[in-house]
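Undergrad: Let me give you the structure first, and then I'll get to my questions.
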Amino acid sequence: MFELPSGAEIQGIIASLKASVGFFIPEIYLSVLFMLLILIDLVAKGRKNNLLSITTLLGLAGSIFFIYQQHSMPPGEFFFGMYVLDEFALFFKYFFVLSGILAVIVTMADEQFDREVKSMGEYYALIVAMVIGMIMMASSADLLMIFLSMELVSFTAYILTGYFKRNSRSSEAALKYLVYGAVSSGLMVYGFSLIFGLTAQTNLIKISTELATHGYDPLLMILLTLLILAGFGYKIGAVPFHFWSPDVYEGAPTPITAYLSVASKAAGFALLMRFFYIAVPHGGQPYEDILGIDWRSLLIILSVASMIYGNVVALWQKNVKRLLAYSSIAHAGYLILGIIVMDKFGTQATLIYLLSYFLMNFGAFFVVILIANKTGSENLDDYRGLGKKMPLAGAALTVFLVSLVGLPPTVGFIGKLMIFSALLTKGSLYIWLALIGIMTSVISLYYYMLIPLNMYLRESKQPDDTTFNPGMPAQILMVVLMVLTLYFGLFFTPLSDFAEYSSAMFGIVLQ
Amino acid sequence: MLSLIVFLPIIAGLVILAVPSSQKQIIRIVSLLAALAQGVLAVLIWRGYDPALPGITAGPGGSPLGSFQFVEKVPWISLNLGGFGSLNIEYFLGVDGISITMVILTALVSAIGVLSSWTIQKQVKGYFILYNLLASAMMGCFVALDFFLFYVFWEVMLLPMYFLIGIWGGPNREYAAIKFFLYTLFGSVFMLLVMIGLYFSVIDPVTGNHTFSLVAMASQENYIKDAILGPDNVMWRYIAFIVLFIGFAIKVPMFPFHTWLPDAHVEAPTPISVILAGVLLKLGTYGMIRINFPLFPEVFHASMYVIGIFGAINIIYGAFCALAQQDLKKMVAYSSISHMGYVLLGLAAGNSEGMVGALYQMFNHGTITAMLFLLVGVIYDRAHTRQIDKFGGLASYMPVYAALVTVAWFASLGLPGLSGFISEALVFVGAFSSETTRPIAIVSVLGIVFGAAYLLWSLQRMFLGKRKADAAYDLEIGADGHEHIHFHDWKGKLDLDGRELAMLVPLVLITIFLGIYPMPVLGMLTSSINKLVQVLSPVVMSQM
């Protein structure tokens, strides 16, 4: 029977909560920022869009300070094992805050918002909420927490996707996103419930110990792994859980597309890595024999399917946002390759790839927005002759696309180099995976080059010689992203060192 | 010194970036100055080069010094990779006998390419920025001794080339540009995997770390026995050799990977054709000599016969295709394929004569083919067509042009006294003296006959006889009572003008000089080639 806790126990719980709060400051700070933004929206009169966006920018930038302070804290679990602070989580905290900042800047540059909506109202508050959600995803150590944070991210994402209320494409995208999201969350929760039924635990480490000490039915294990993968796979946009992504990417406001394709995907990967590295047993450990299954094979299938499907289907796209959506499916495939390796180097490679993807994908979407400001279109045909009209934007977009292909001297090449190196350190075991990765990246060259092809090789239908340059802030951001893409392609030590530092989970480093 | 010669064009490119795009003349002059400075540096490197040092592998004590020259070696990237120690990449440049000739050739062809680009009118600024980027990357490939650095330069070449063909090319340029890009990328991505595999298989004897240094990789004792590309892993070594070879063969281009070349040549503007034929194709065979063969000598030995056969196919197939062409530029493109076949044949011989011949042929093909494409460009500028049967009797109206064409054509078919003869002769001497390639050499001799056929035939159709009825130019009787011709909408001089002579005459002189006295080039090659042959020889391998 359930007994009421004694006074001493309650005291203990409160003391523990108090101690935990100290590790939760960035999240609390961001929550305050979230409420502040809502307040400003309610209180301020007149044209408040700039006020909101500047507050969000400064607020998000301020959170970096609090995150930085956490470096000195010892890694560990708190809030009764619900939440965790470790180097791995810190990496993603920076990652999400930075992508939040970029999303805000990109939004400010996007003129479509001026046409479609009167007030930005809760838009920026929702971006902050999504940052909080994603940070919590990367820091969850408990099935409940995983589910809650994922739903927080999903719900804000649904709203943001449908933010252009009067635009039917945007609303359609939001609805599709919601339906697919609901189904995959449902499947995932079912998987969680099976785990709980088996182990009576929700904490990832405890689950791992339970699974290690008892043998389990392999069929059940593979079933629940599949169910949980449906949830994570939906977040990372891997085949076969990708159906939402082309429509959502095309329909959503472009800054949200960029944000979803980078940050939300990264959050999915953070969870995927944490869950599969910690909770369920994996190769290199003795449990594999007990269980008789290797969930890595599932990931291999996911990865190969994503690389092939994403890259091949992208060949026929006529809309640049849709093209980038399929490319992001393909990139999910490359990222999973790093997880399959299951060692420190693999983790490091995945993190490096995420960083490179952050730079080049945000860059590409940013230029797409700037071009859409000018032409009002994201169709490939309308890119004709843009290289002459927008020289800087054209050059920048070419750099980002070359980086997405993975050619040196860009950061995208470094990502691929690391992933393939990690695969090859396992000897000849995964060479065939590396081969598929390499072959599909050759295919990707074709469709990525379609954009420079239209920009430079073809003349526009209405020839006019006026050059058009976006405003100075947009130009500066574009140049910064372009220079970083090239710089880290040649001198990638800082990226790699940061990723190496961040590859520790729960203070444990995979070997 | 080497850094300077590599990065001079990029610096010029940055300068051009700052010049407003309306100042076309300044842009051209900046590029020309950079190219000339590159040429001066190349001469300085040539004068300072000591032909006695062999190169190929490390000198005494595992250091590249004492074997390579003009060495620059600084740590570039050093990463911690957890359980796998560290990833060390070096900025490592140097030349030996194999690369120095290519450095000189690249500087020469780049400069001539700039002169030839003078007539480009469309988007001059963008053109020269890309051109300079390409020139830097090519030079970088030839002097890089770190595989990673080599790979970076190798890939950096692709994008400028894509745009140079794609924007400034002919009517079918989109197709040609993307075909070029896809083919070469397909070859090079496998190189990436082999490169990573080699990294984890090779230990630098000096530092004890894994290394990308091609110098360390060229010594078989530096390989870890059971690593993925170590001596024990015979199957993977064979696979690595084959994919690497295909990667380079696409660039050569070797049959059956050659189909991108005629398309690219036909669509590319003249200067880019010159660069493509003069330098880029050499990168394929250079890569084989520098990377493919010395790193996998035992596989090379096993596959000499096959390489020789592909060489022979290139020679004969290229010549047959050239014979069938109506388009002059396409004919020259196929003749390139045919002539690169001699290089492959010489390499397949595996002995000093054959290898020296192959390298000398690379140099000569660079100069001769550059000349051929320039000459094709000259007539195309005037007539706006390259159909061979649209001409006739040109010799009497454009005597200087006809004379230079004759020299170039004869050099290409290997007339004694011109440089092409010596290299082809050396290739055949090498191929005949090797047991493996002797039968192949006998068949390949046919290539010379067909080569003579298509060259002489085109010469006859275009320059001898009378003007054809449907020719690309009109006849008229001048005031002096002589017959003249004029091309539609061509305002310039009928025969070669000063700029065209400035491009062609140096090449003609080089061709004649090296045909009479080849020692300046051969002297630089021999010690490196002897070393290479020794590295590749089975005796050395059995001592492993």
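How things are named: the first chain in the structure tokens is A, the next is B, and so on; residues count from 1 in each chain; ligands count from 1 in the order shown.
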Would you give me, as JSON lines, each residue of chain B having an atom within 6 Å of an atom of chain A, along with its shortest atom pair and that distance in Å to one decimal, using only C-alpha atoms and sorting by chain and residue number?

TA:
```
{"residue": "B:Leu79", "atom": "CA", "partner": "A:Thr493", "partner_atom": "CA", "distance": 6.0}
{"residue": "B:Leu81", "atom": "CA", "partner": "A:Phe345", "partner_atom": "CA", "distance": 6.0}
{"residue": "B:Val152", "atom": "CA", "partner": "A:Pro408", "partner_atom": "CA", "distance": 5.5}
{"residue": "B:Gly166", "atom": "CA", "partner": "A:Leu457", "partner_atom": "CA", "distance": 5.9}
{"residue": "B:Ile167", "atom": "CA", "partner": "A:Leu457", "partner_atom": "CA", "distance": 5.1}
{"residue": "B:Ile196", "atom": "CA", "partner": "A:Ser421", "partner_atom": "CA", "distance": 6.0}
{"residue": "B:Ile228", "atom": "CA", "partner": "A:Gly427", "partner_atom": "CA", "distance": 5.7}
```

Undergrad: Which residues in range 419-531 of chain B does DSSP call strand (DSSP E or B)? List them as a list of chain:residue names.

TA: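 Secondary structure check on range 419-531 of chain B, strand (DSSP E or B): B:Tyr473, B:Asp474, B:Leu475, B:Glu476, B:Ile477, B:Glu483, B:His484, B:Ile485, B:His486, B:Phe487.
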
Undergrad: Which residues are near range 135-139 of chain B? Cut-off 8 Å, only C-alpha atoms, ignore same chain within fewer than 6 positions. Put them as a PyMOL selection string.

TA: chain B and resi 5-10+103+106-107+110+153-154+156-157+279-280

Undergrad: As an exercise, work out the distance from CA of Asn292 in chain B to CA of Leu345 in chain B in Å and give it to one decimal place.

TA: 15.5 Å

Undergrad: Write out as a CSV table (one decimal) with N, CA and C atoms, in the first residue's frame which residues come within 9 Å of range 55-64 of chain B when counting only C-alpha atoms, dropping same-chain ones fewer than 3 positions away.

TA:
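As a result, out14.csv now contains:
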```csv
chain,number,residue,atom,x,y,z
B,67,SER,N,66.3,14.0,-50.2
B,67,SER,CA,65.7,13.2,-51.3
B,67,SER,C,64.8,14.2,-52.1
B,68,PHE,N,63.9,14.9,-51.4
B,68,PHE,CA,63.1,15.9,-52.1
B,68,PHE,C,63.7,17.3,-51.9
B,69,GLN,N,63.3,18.2,-52.8
B,69,GLN,CA,63.9,19.5,-52.7
B,69,GLN,C,62.9,20.6,-52.6
B,71,VAL,N,61.7,21.6,-49.9
B,71,VAL,CA,60.7,21.0,-49.0
B,71,VAL,C,60.1,22.1,-48.1
B,94,GLY,N,57.0,19.7,-51.7
B,94,GLY,CA,58.4,19.4,-52.2
B,94,GLY,C,58.3,18.9,-53.6
B,95,VAL,N,59.5,19.0,-54.3
B,95,VAL,CA,59.5,18.5,-55.6
B,95,VAL,C,60.6,17.4,-55.8
B,96,ASP,N,60.4,16.5,-56.7
B,96,ASP,CA,61.5,15.6,-57.1
B,96,ASP,C,61.4,15.6,-58.7
B,97,GLY,N,62.2,14.7,-59.3
B,97,GLY,CA,62.2,14.7,-60.7
B,97,GLY,C,60.9,14.5,-61.4
B,98,ILE,N,60.0,13.8,-60.7
B,98,ILE,CA,58.7,13.6,-61.3
B,98,ILE,C,57.9,14.8,-61.4
B,204,ASP,N,54.5,6.9,-39.6
B,204,ASP,CA,55.7,7.7,-40.0
B,204,ASP,C,56.9,7.2,-39.1
B,205,PRO,N,57.9,6.8,-39.8
B,205,PRO,CA,59.0,6.2,-39.0
B,205,PRO,C,59.7,7.2,-38.1
B,206,VAL,N,59.6,8.5,-38.4
B,206,VAL,CA,60.2,9.5,-37.5
B,206,VAL,C,59.4,9.8,-36.3
B,214,LEU,N,52.9,11.2,-48.3
B,214,LEU,CA,53.1,10.2,-49.4
B,214,LEU,C,54.5,9.7,-49.4
B,215,VAL,N,55.4,10.4,-48.8
B,215,VAL,CA,56.8,10.0,-48.8
B,215,VAL,C,56.9,8.8,-47.9
B,216,ALA,N,56.2,8.8,-46.7
B,216,ALA,CA,56.3,7.7,-45.8
B,216,ALA,C,55.5,6.5,-46.4
B,217,MET,N,54.4,6.8,-47.1
B,217,MET,CA,53.6,5.7,-47.7
B,217,MET,C,54.3,5.0,-48.8
B,218,ALA,N,55.3,5.7,-49.4
B,218,ALA,CA,56.0,5.0,-50.5
B,218,ALA,C,57.0,4.0,-50.1
B,219,SER,N,57.2,3.9,-48.8
B,219,SER,CA,58.1,2.8,-48.3
B,219,SER,C,57.3,1.8,-47.6
B,290,ARG,N,52.9,9.0,-58.7
B,290,ARG,CA,53.2,9.4,-57.4
B,290,ARG,C,52.6,8.6,-56.3
B,294,PRO,N,53.8,3.4,-56.5
B,294,PRO,CA,54.7,3.2,-55.4
B,294,PRO,C,54.1,2.7,-54.1
B,527,SER,N,67.2,10.3,-62.3
B,527,SER,CA,67.5,9.7,-61.0
B,527,SER,C,66.2,9.4,-60.3
B,528,SER,N,65.2,10.2,-60.4
B,528,SER,CA,63.9,9.9,-59.8
B,528,SER,C,63.3,8.6,-60.4
B,529,ILE,N,63.4,8.5,-61.7
B,529,ILE,CA,62.8,7.3,-62.3
B,529,ILE,C,63.5,6.1,-61.9
B,531,LYS,N,65.0,5.6,-59.2
B,531,LYS,CA,64.6,5.2,-57.8
B,531,LYS,C,63.2,4.6,-57.9
B,532,LEU,N,62.3,5.2,-58.7
B,532,LEU,CA,61.0,4.6,-58.8
B,532,LEU,C,61.0,3.2,-59.2
B,535,VAL,N,62.0,1.1,-56.5
B,535,VAL,CA,60.9,0.9,-55.5
B,535,VAL,C,59.9,-0.1,-56.0
```

Undergrad: Excluding Val320 in chain A and its own-chain neighbours fewer than 5 positions away, which residues fall within 9 Å of it when counting only C-alpha atoms? Please give them as a VMD selection string.

TA: chain A and resid 250 325 368 378 to 380 451

Undergrad: Quick one: contact table of range 285-320 of chain B to range 447-466 of chain B, 9 Å max, nearest atom pair and distance in Å to one decimal per residue, counting only C-alpha atoms, chain and number order, as a tab-separated table?

TA:
```
residue	atom	partner	partner_atom	distance
B:Ala312	CA	B:Gly447	CA	8.1
B:Ile315	CA	B:Gly447	CA	5.5
B:Ile316	CA	B:Gly447	CA	4.8
B:Tyr317	CA	B:Gly447	CA	8.4
B:Gly318	CA	B:Gly447	CA	8.6
B:Ala319	CA	B:Gly451	CA	5.6
B:Phe320	CA	B:Phe450	CA	6.9
```

Undergrad: Based on the selection just made, write N, CA, C and O atoms of those residues as a CSV table (one decimal), in the first residue's frame.

TA:
```csv
chain,number,residue,atom,x,y,z
B,312,ALA,N,47.3,0.4,-74.9
B,312,ALA,CA,47.2,0.1,-76.3
B,312,ALA,C,45.8,0.4,-76.8
B,312,ALA,O,45.7,1.0,-77.9
B,315,ILE,N,45.6,4.1,-77.3
B,315,ILE,CA,46.3,4.5,-78.5
B,315,ILE,C,45.5,4.3,-79.8
B,315,ILE,O,45.3,5.2,-80.6
B,316,ILE,N,45.1,3.1,-79.9
B,316,ILE,CA,44.5,2.7,-81.2
B,316,ILE,C,43.0,3.2,-81.3
B,316,ILE,O,42.6,3.8,-82.3
B,317,TYR,N,42.3,3.0,-80.2
B,317,TYR,CA,40.9,3.5,-80.2
B,317,TYR,C,40.8,5.0,-80.4
B,317,TYR,O,40.1,5.5,-81.2
B,318,GLY,N,41.7,5.7,-79.6
B,318,GLY,CA,41.8,7.2,-79.8
B,318,GLY,C,42.1,7.6,-81.2
B,318,GLY,O,41.4,8.5,-81.8
B,319,ALA,N,43.0,6.9,-81.8
B,319,ALA,CA,43.4,7.2,-83.2
B,319,ALA,C,42.2,7.0,-84.1
B,319,ALA,O,42.0,7.8,-85.0
B,320,PHE,N,41.6,5.8,-84.0
B,320,PHE,CA,40.4,5.5,-84.8
B,320,PHE,C,39.3,6.6,-84.7
B,320,PHE,O,38.8,7.1,-85.7
```

Undergrad: May I have the residues within 6 Å of range 260-272 of chain B as a ChimeraX atom specification, using only C-alpha atoms and disregarding those fewer than 4 positions away in the same chain?

TA: /B:113,116-117,165,169-170,173,176,180,276,330,333,377

Undergrad: Give me the residues near range 124-137 of chain A as a ChimeraX atom specification, where near means some atom within 8 Å (using only C-alpha atoms) and where sequence neighbours in that chain fewer than 5 positions away do not count.

TA: /A:27,30-31,33-35,37-38,52-53,56,60,83,89,92-93,96-97,100,104,145-146,149-150,152-153,156-157,160,263-264,267-268,270-271

Undergrad: Residues as selected, C-alpha atoms, written as an mmCIF file, in the first residue's frame, can you do that?

TA:
```cif
data_model
loop_
_atom_site.group_PDB
_atom_site.id
_atom_site.type_symbol
_atom_site.label_atom_id
_atom_site.label_comp_id
_atom_site.auth_asym_id
_atom_site.auth_seq_id
_atom_site.Cartn_x
_atom_site.Cartn_y
_atom_site.Cartn_z
ATOM 1 C CA GLU A 27 16.646 26.331 -18.492
ATOM 2 C CA LEU A 30 15.181 30.660 -20.760
ATOM 3 C CA SER A 31 11.763 29.995 -19.250
ATOM 4 C CA LEU A 33 12.770 34.828 -21.131
ATOM 5 C CA PHE A 34 9.832 32.948 -22.639
ATOM 6 C CA MET A 35 7.397 34.541 -20.193
ATOM 7 C CA LEU A 37 8.418 37.751 -24.353
ATOM 8 C CA ILE A 38 4.748 36.940 -23.842
ATOM 9 C CA LEU A 52 10.490 41.329 -29.585
ATOM 10 C CA SER A 53 13.187 40.117 -31.892
ATOM 11 C CA THR A 56 14.910 37.356 -28.029
ATOM 12 C CA LEU A 60 19.288 33.901 -26.078
ATOM 13 C CA TYR A 83 17.796 15.078 -15.827
ATOM 14 C CA ALA A 89 24.371 17.893 -23.019
ATOM 15 C CA PHE A 92 23.751 20.548 -27.510
ATOM 16 C CA LYS A 93 22.807 23.445 -25.254
ATOM 17 C CA PHE A 96 20.366 24.879 -29.786
ATOM 18 C CA VAL A 97 20.880 28.356 -28.403
ATOM 19 C CA GLY A 100 17.791 29.769 -31.983
ATOM 20 C CA VAL A 104 15.739 34.807 -35.103
ATOM 21 C CA MET A 145 11.441 13.322 -19.394
ATOM 22 C CA ILE A 146 12.273 12.257 -22.935
ATOM 23 C CA SER A 149 10.543 17.336 -23.777
ATOM 24 C CA MET A 150 9.894 15.799 -27.163
ATOM 25 C CA LEU A 152 7.259 20.327 -25.962
ATOM 26 C CA VAL A 153 9.417 20.590 -29.060
ATOM 27 C CA THR A 156 5.885 24.443 -30.659
ATOM 28 C CA ALA A 157 7.061 23.137 -34.010
ATOM 29 C CA LEU A 160 5.484 27.555 -35.913
ATOM 30 C CA ALA A 263 18.100 22.052 -34.529
ATOM 31 C CA SER A 264 15.176 19.693 -34.279
ATOM 32 C CA ALA A 267 17.829 17.151 -30.854
ATOM 33 C CA GLY A 268 16.603 13.885 -32.290
ATOM 34 C CA ALA A 270 21.053 13.735 -29.153
ATOM 35 C CA LEU A 271 18.258 11.519 -27.897
#
```

Undergrad: Which one of B:Val189, B:Val143, B:Ile11, B:Ala425 sits closest to Ala42 in chain B if you count only C-alpha atoms?

TA: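 Among the listed residues, the smallest separation from Ala42 in chain B belongs to B:Val143.
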
Undergrad: Could you jot down the CA of Ile45 in chain B to CA of Thr101 in chain B separation for me, Å, one decimal place?

TA: 10.5 Å

Undergrad: List every residue of range 253-317 of chain B that DSSP, applied to the backbone of this structure, places in alpha helix (DSSP H), and write the result as an MDAnalysis selection string.

TA: chainID B and resid 260:267 270:275 281:287 293:295 297:317

Undergrad: Return the single residue from B:Leu198, B:Leu130, B:Ile239, B:Leu159 that is closest to Phe181 in chain B, with distances computed using only C-alpha atoms.

TA: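 Counting only C-alpha atoms, the residue closest to Phe181 in chain B is B:Leu159.
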